[in-house]
Structures are given as structure tokens and as C-alpha cells.
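**Student:** Input protein.pdb, format and content: PDB, C-alpha atoms and all ligand atoms.
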ATOM      1  CA  MET N   1      -9.810  10.430  -2.400  1.00  0.00           C
ATOM      2  CA  ASP N   2      -6.943   8.149  -3.361  1.00  0.00           C
ATOM      3  CA  ILE N   3      -4.425   6.576  -1.042  1.00  0.00           C
ATOM      4  CA  LEU N   4      -0.946   7.863  -1.846  1.00  0.00           C
ATOM      5  CA  CYS N   5       2.382   6.079  -1.680  1.00  0.00           C
ATOM      6  CA  ALA N   6       4.111   7.092   1.567  1.00  0.00           C
ATOM      7  CA  TYR N   7       7.350   7.752  -0.329  1.00  0.00           C
ATOM      8  CA  CYS N   8       6.645   9.185  -3.769  1.00  0.00           C
ATOM      9  CA  GLN N   9       3.166  10.605  -2.919  1.00  0.00           C
ATOM     10  CA  THR N  10       1.712   9.149  -6.119  1.00  0.00           C
ATOM     11  CA  GLY N  11      -1.701   7.482  -6.181  1.00  0.00           C
ATOM     12  CA  PHE N  12      -1.716   3.703  -6.704  1.00  0.00           C
ATOM     13  CA  GLN N  13      -2.951   1.987  -9.842  1.00  0.00           C
ATOM     14  CA  GLU N  14      -4.996  -1.210  -9.508  1.00  0.00           C
ATOM     15  CA  ASN N  15      -2.180  -3.484 -10.601  1.00  0.00           C
ATOM     16  CA  ASP N  16       0.724  -1.744  -8.843  1.00  0.00           C
ATOM     17  CA  LYS N  17       2.678  -4.047  -6.544  1.00  0.00           C
ATOM     18  CA  ILE N  18       2.537  -2.408  -3.155  1.00  0.00           C
ATOM     19  CA  ILE N  19       3.716  -3.081   0.384  1.00  0.00           C
ATOM     20  CA  LYS N  20       1.718  -2.906   3.584  1.00  0.00           C
ATOM     21  CA  ASP N  21       3.975  -2.443   6.610  1.00  0.00           C
ATOM     22  CA  ASP N  22       3.355  -3.075  10.309  1.00  0.00           C
ATOM     23  CA  LEU N  23       1.893   0.432  10.743  1.00  0.00           C
ATOM     24  CA  ASN N  24      -0.542  -0.225   7.857  1.00  0.00           C
ATOM     25  CA  THR N  25       1.329   2.295   5.714  1.00  0.00           C
ATOM     26  CA  LEU N  26       1.130   1.589   1.996  1.00  0.00           C
ATOM     27  CA  CYS N  27       3.848   2.244  -0.567  1.00  0.00           C
ATOM     28  CA  HIS N  28       5.056   0.923  -3.909  1.00  0.00           C
ATOM     29  CA  LEU N  29       7.284  -2.128  -3.787  1.00  0.00           C
ATOM     30  CA  ALA N  30       9.878  -0.138  -5.744  1.00  0.00           C
ATOM     31  CA  CYS N  31       9.744   2.801  -3.315  1.00  0.00           C
ATOM     32  CA  TYR N  32      10.145   0.831  -0.100  1.00  0.00           C
ATOM     33  CA  ALA N  33      13.434   1.627   1.611  1.00  0.00           C
ATOM     34  CA  LEU N  34      13.226   0.123   5.100  1.00  0.00           C
ATOM     35  CA  GLU N  35      14.044  -3.309   6.563  1.00  0.00           C
ATOM     36  CA  SER N  36      11.949  -6.120   5.140  1.00  0.00           C
ATOM     37  CA  ASP N  37      11.156  -7.064   8.775  1.00  0.00           C
ATOM     38  CA  TYR N  38       8.451  -4.406   8.761  1.00  0.00           C
ATOM     39  CA  ILE N  39       6.663  -5.723   5.684  1.00  0.00           C
ATOM     40  CA  ARG N  40       3.365  -7.417   6.477  1.00  0.00           C
ATOM     41  CA  ASP N  41       2.054  -7.981   2.972  1.00  0.00           C
ATOM     42  CA  ILE N  42       3.068  -7.530  -0.666  1.00  0.00           C
ATOM     43  CA  ASP N  43       0.320  -7.613  -3.257  1.00  0.00           C
ATOM     44  CA  THR N  44      -1.401  -5.536  -5.908  1.00  0.00           C
ATOM     45  CA  TYR N  45      -3.268  -2.449  -4.772  1.00  0.00           C
ATOM     46  CA  LYS N  46      -6.527  -4.077  -5.875  1.00  0.00           C
ATOM     47  CA  ASN N  47      -5.921  -7.178  -3.746  1.00  0.00           C
ATOM     48  CA  ILE N  48      -4.770  -5.190  -0.722  1.00  0.00           C
ATOM     49  CA  LEU N  49      -8.002  -3.201  -0.777  1.00  0.00           C
ATOM     50  CA  GLU N  50      -9.982  -6.427  -0.926  1.00  0.00           C
ATOM     51  CA  LYS N  51      -8.068  -8.066   1.931  1.00  0.00           C
ATOM     52  CA  TYR N  52      -7.984  -5.129   4.350  1.00  0.00           C
ATOM     53  CA  TRP N  53     -11.417  -3.579   4.717  1.00  0.00           C
ATOM     54  CA  PHE N  54     -10.194  -0.550   6.673  1.00  0.00           C
ATOM     55  CA  TYR N  55      -8.537   0.939   3.585  1.00  0.00           C
ATOM     56  CA  GLN N  56     -11.955   1.120   1.926  1.00  0.00           C
ATOM     57  CA  ASN N  57     -12.939   3.816   4.425  1.00  0.00           C
ATOM     58  CA  LEU N  58     -10.076   6.000   3.214  1.00  0.00           C
ATOM     59  CA  ILE N  59     -11.106   6.038  -0.427  1.00  0.00           C
ATOM     60  CA  ASN N  60     -14.901   6.266  -0.158  1.00  0.00           C
TER      61      ASN N  60
HETATM   62 ZN    ZN R 101       5.878   5.189  -4.565  1.00  0.00          ZN
END
What would the structure in this file look like if it were written as C-alpha cells?
**Tutor:**
Amino acid sequence: MDILCAYCQTGFQENDKIIKDDLNTLCHLACYALESDYIRDIDTYKNILEKYWFYQNLIN
């Protein structure tokens, strides 16, 4: 199962720049429409998965 962007509902590619917000929601950088105050991290999908172990449970 892939994790989908919260806005466009498209699966992420390894090198997509994505945002992790304060609710641990993931979305593309380009799709994000809220205040930047809520952003907790901006990185590639690949790096986000490496940094935050709990997302691994969602895709395995
Ligand atoms: Zn998106």
C-alpha cells in the first residue's frame, strides 16, 4: 500500500518533495495550501520514510 498525498490523492515518488505537518499528514510541497506554521519537515519522500519510522508501518 502506498501513502497518498492528502490533497491530490496521488502516491508519492521517491524523489518528490513532500511536507510533513504537525498531524503527521504527508502531501506534496506543491499541493500544500495551509499556513507554513504547521509544517514540521520538508524533504523527499525517500528521506521522510527514513527519518520517521512510523510511516514504514503504513506501506509494509
Ligand atoms: Zn499532491
**Student:** Need to verify the contact set: segment 15-20 of chain N, 8 Å, only C-alpha atoms, exclusion of same-chain residues closer than 5 positions in sequence. Can you return it as JSON, numbers by chain?
**Tutor:** {"N": [25, 26, 27, 28, 29, 32, 39, 40, 41, 42, 43, 44, 45, 46]}
**Student:** Which residues are near ligand ZN 101 (chain R) - at most 7 Å, using all atoms listed in the file? Format: as JSON, numbers by chain.
**Tutor:** {"N": [5, 6, 7, 8, 9, 10, 27, 28, 30, 31]}
**Student:** Return as AutoDock Vina command-line options the centre and edge lengths, in Å with one decimal, of the box along x, y and z that encloses every atom of segment 36-53 of chain N in the file, padded by 4 Å per side.
**Tutor:**
--center_x 0.3 --center_y -5.3 --center_z 1.4 --size_x 31.4 --size_y 13.6 --size_z 22.7
**Student:** For Leu4 of chain N, which residue among N:Leu58, N:Leu23, N:Ile48, N:Ala33 is the nearest when counting all atoms listed in the file?
**Tutor:** N:Leu58
**Student:** Exactly which residues make up the result of the PyMOL selection byres (((chain N and resi 56) around 12) and not hetatm) on this file, given as a list in words?
**Tutor:**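 This file, filtered by the PyMOL selection byres (((chain N and resi 56) around 12) and not hetatm), leaves Met1, Asp2, Ile3, Tyr45, Lys46, Asn47, Ile48, Leu49, Glu50, Lys51, Tyr52, Trp53, Phe54, Tyr55, Asn57, Leu58, Ile59 and Asn60 of chain N.
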**Student:** Take segment 38-57 of chain N, bring it up to N, CA and C atoms, and give me the output as a PDB file, in the frame of the given file.
**Tutor:**
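Produced file rebuild09.pdb, reproduced below:
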ATOM      1  N   TYR N  38       9.667  -5.179   8.506  1.00  0.00           N
ATOM      2  CA  TYR N  38       8.451  -4.406   8.761  1.00  0.00           C
ATOM      3  C   TYR N  38       7.338  -4.699   7.759  1.00  0.00           C
ATOM      4  N   ILE N  39       7.664  -5.426   6.714  1.00  0.00           N
ATOM      5  CA  ILE N  39       6.663  -5.723   5.684  1.00  0.00           C
ATOM      6  C   ILE N  39       5.677  -6.766   6.188  1.00  0.00           C
ATOM      7  N   ARG N  40       4.387  -6.458   6.053  1.00  0.00           N
ATOM      8  CA  ARG N  40       3.365  -7.417   6.477  1.00  0.00           C
ATOM      9  C   ARG N  40       2.659  -8.052   5.289  1.00  0.00           C
ATOM     10  N   ASP N  41       2.688  -7.399   4.142  1.00  0.00           N
ATOM     11  CA  ASP N  41       2.054  -7.981   2.972  1.00  0.00           C
ATOM     12  C   ASP N  41       2.606  -7.310   1.717  1.00  0.00           C
ATOM     13  N   ILE N  42       2.717  -8.068   0.648  1.00  0.00           N
ATOM     14  CA  ILE N  42       3.068  -7.530  -0.666  1.00  0.00           C
ATOM     15  C   ILE N  42       2.053  -8.067  -1.660  1.00  0.00           C
ATOM     16  N   ASP N  43       1.342  -7.171  -2.305  1.00  0.00           N
ATOM     17  CA  ASP N  43       0.320  -7.613  -3.257  1.00  0.00           C
ATOM     18  C   ASP N  43      -0.044  -6.433  -4.150  1.00  0.00           C
ATOM     19  N   THR N  44      -0.947  -6.657  -5.091  1.00  0.00           N
ATOM     20  CA  THR N  44      -1.401  -5.536  -5.908  1.00  0.00           C
ATOM     21  C   THR N  44      -2.317  -4.644  -5.077  1.00  0.00           C
ATOM     22  N   TYR N  45      -2.406  -3.408  -5.469  1.00  0.00           N
ATOM     23  CA  TYR N  45      -3.268  -2.449  -4.772  1.00  0.00           C
ATOM     24  C   TYR N  45      -4.697  -2.978  -4.685  1.00  0.00           C
ATOM     25  N   LYS N  46      -5.175  -3.516  -5.815  1.00  0.00           N
ATOM     26  CA  LYS N  46      -6.527  -4.077  -5.875  1.00  0.00           C
ATOM     27  C   LYS N  46      -6.730  -5.158  -4.813  1.00  0.00           C
ATOM     28  N   ASN N  47      -5.781  -6.081  -4.710  1.00  0.00           N
ATOM     29  CA  ASN N  47      -5.921  -7.178  -3.746  1.00  0.00           C
ATOM     30  C   ASN N  47      -5.801  -6.699  -2.304  1.00  0.00           C
ATOM     31  N   ILE N  48      -4.920  -5.736  -2.079  1.00  0.00           N
ATOM     32  CA  ILE N  48      -4.770  -5.190  -0.722  1.00  0.00           C
ATOM     33  C   ILE N  48      -6.086  -4.560  -0.268  1.00  0.00           C
ATOM     34  N   LEU N  49      -6.722  -3.826  -1.141  1.00  0.00           N
ATOM     35  CA  LEU N  49      -8.002  -3.201  -0.777  1.00  0.00           C
ATOM     36  C   LEU N  49      -9.063  -4.252  -0.469  1.00  0.00           C
ATOM     37  N   GLU N  50      -8.999  -5.368  -1.172  1.00  0.00           N
ATOM     38  CA  GLU N  50      -9.982  -6.427  -0.926  1.00  0.00           C
ATOM     39  C   GLU N  50      -9.714  -7.142   0.387  1.00  0.00           C
ATOM     40  N   LYS N  51      -8.428  -7.309   0.732  1.00  0.00           N
ATOM     41  CA  LYS N  51      -8.068  -8.066   1.931  1.00  0.00           C
ATOM     42  C   LYS N  51      -8.229  -7.265   3.211  1.00  0.00           C
ATOM     43  N   TYR N  52      -7.971  -5.958   3.133  1.00  0.00           N
ATOM     44  CA  TYR N  52      -7.984  -5.129   4.350  1.00  0.00           C
ATOM     45  C   TYR N  52      -9.080  -4.084   4.228  1.00  0.00           C
ATOM     46  N   TRP N  53     -10.204  -4.394   4.863  1.00  0.00           N
ATOM     47  CA  TRP N  53     -11.417  -3.579   4.717  1.00  0.00           C
ATOM     48  C   TRP N  53     -11.199  -2.136   5.150  1.00  0.00           C
ATOM     49  N   PHE N  54     -10.316  -1.906   6.121  1.00  0.00           N
ATOM     50  CA  PHE N  54     -10.194  -0.550   6.673  1.00  0.00           C
ATOM     51  C   PHE N  54      -9.658   0.459   5.663  1.00  0.00           C
ATOM     52  N   TYR N  55      -8.986  -0.018   4.611  1.00  0.00           N
ATOM     53  CA  TYR N  55      -8.537   0.939   3.585  1.00  0.00           C
ATOM     54  C   TYR N  55      -9.709   1.465   2.751  1.00  0.00           C
ATOM     55  N   GLN N  56     -10.766   0.679   2.684  1.00  0.00           N
ATOM     56  CA  GLN N  56     -11.955   1.120   1.926  1.00  0.00           C
ATOM     57  C   GLN N  56     -12.491   2.432   2.477  1.00  0.00           C
ATOM     58  N   ASN N  57     -12.426   2.594   3.795  1.00  0.00           N
ATOM     59  CA  ASN N  57     -12.939   3.816   4.425  1.00  0.00           C
ATOM     60  C   ASN N  57     -12.171   5.059   3.978  1.00  0.00           C
TER      61      ASN N  57
END
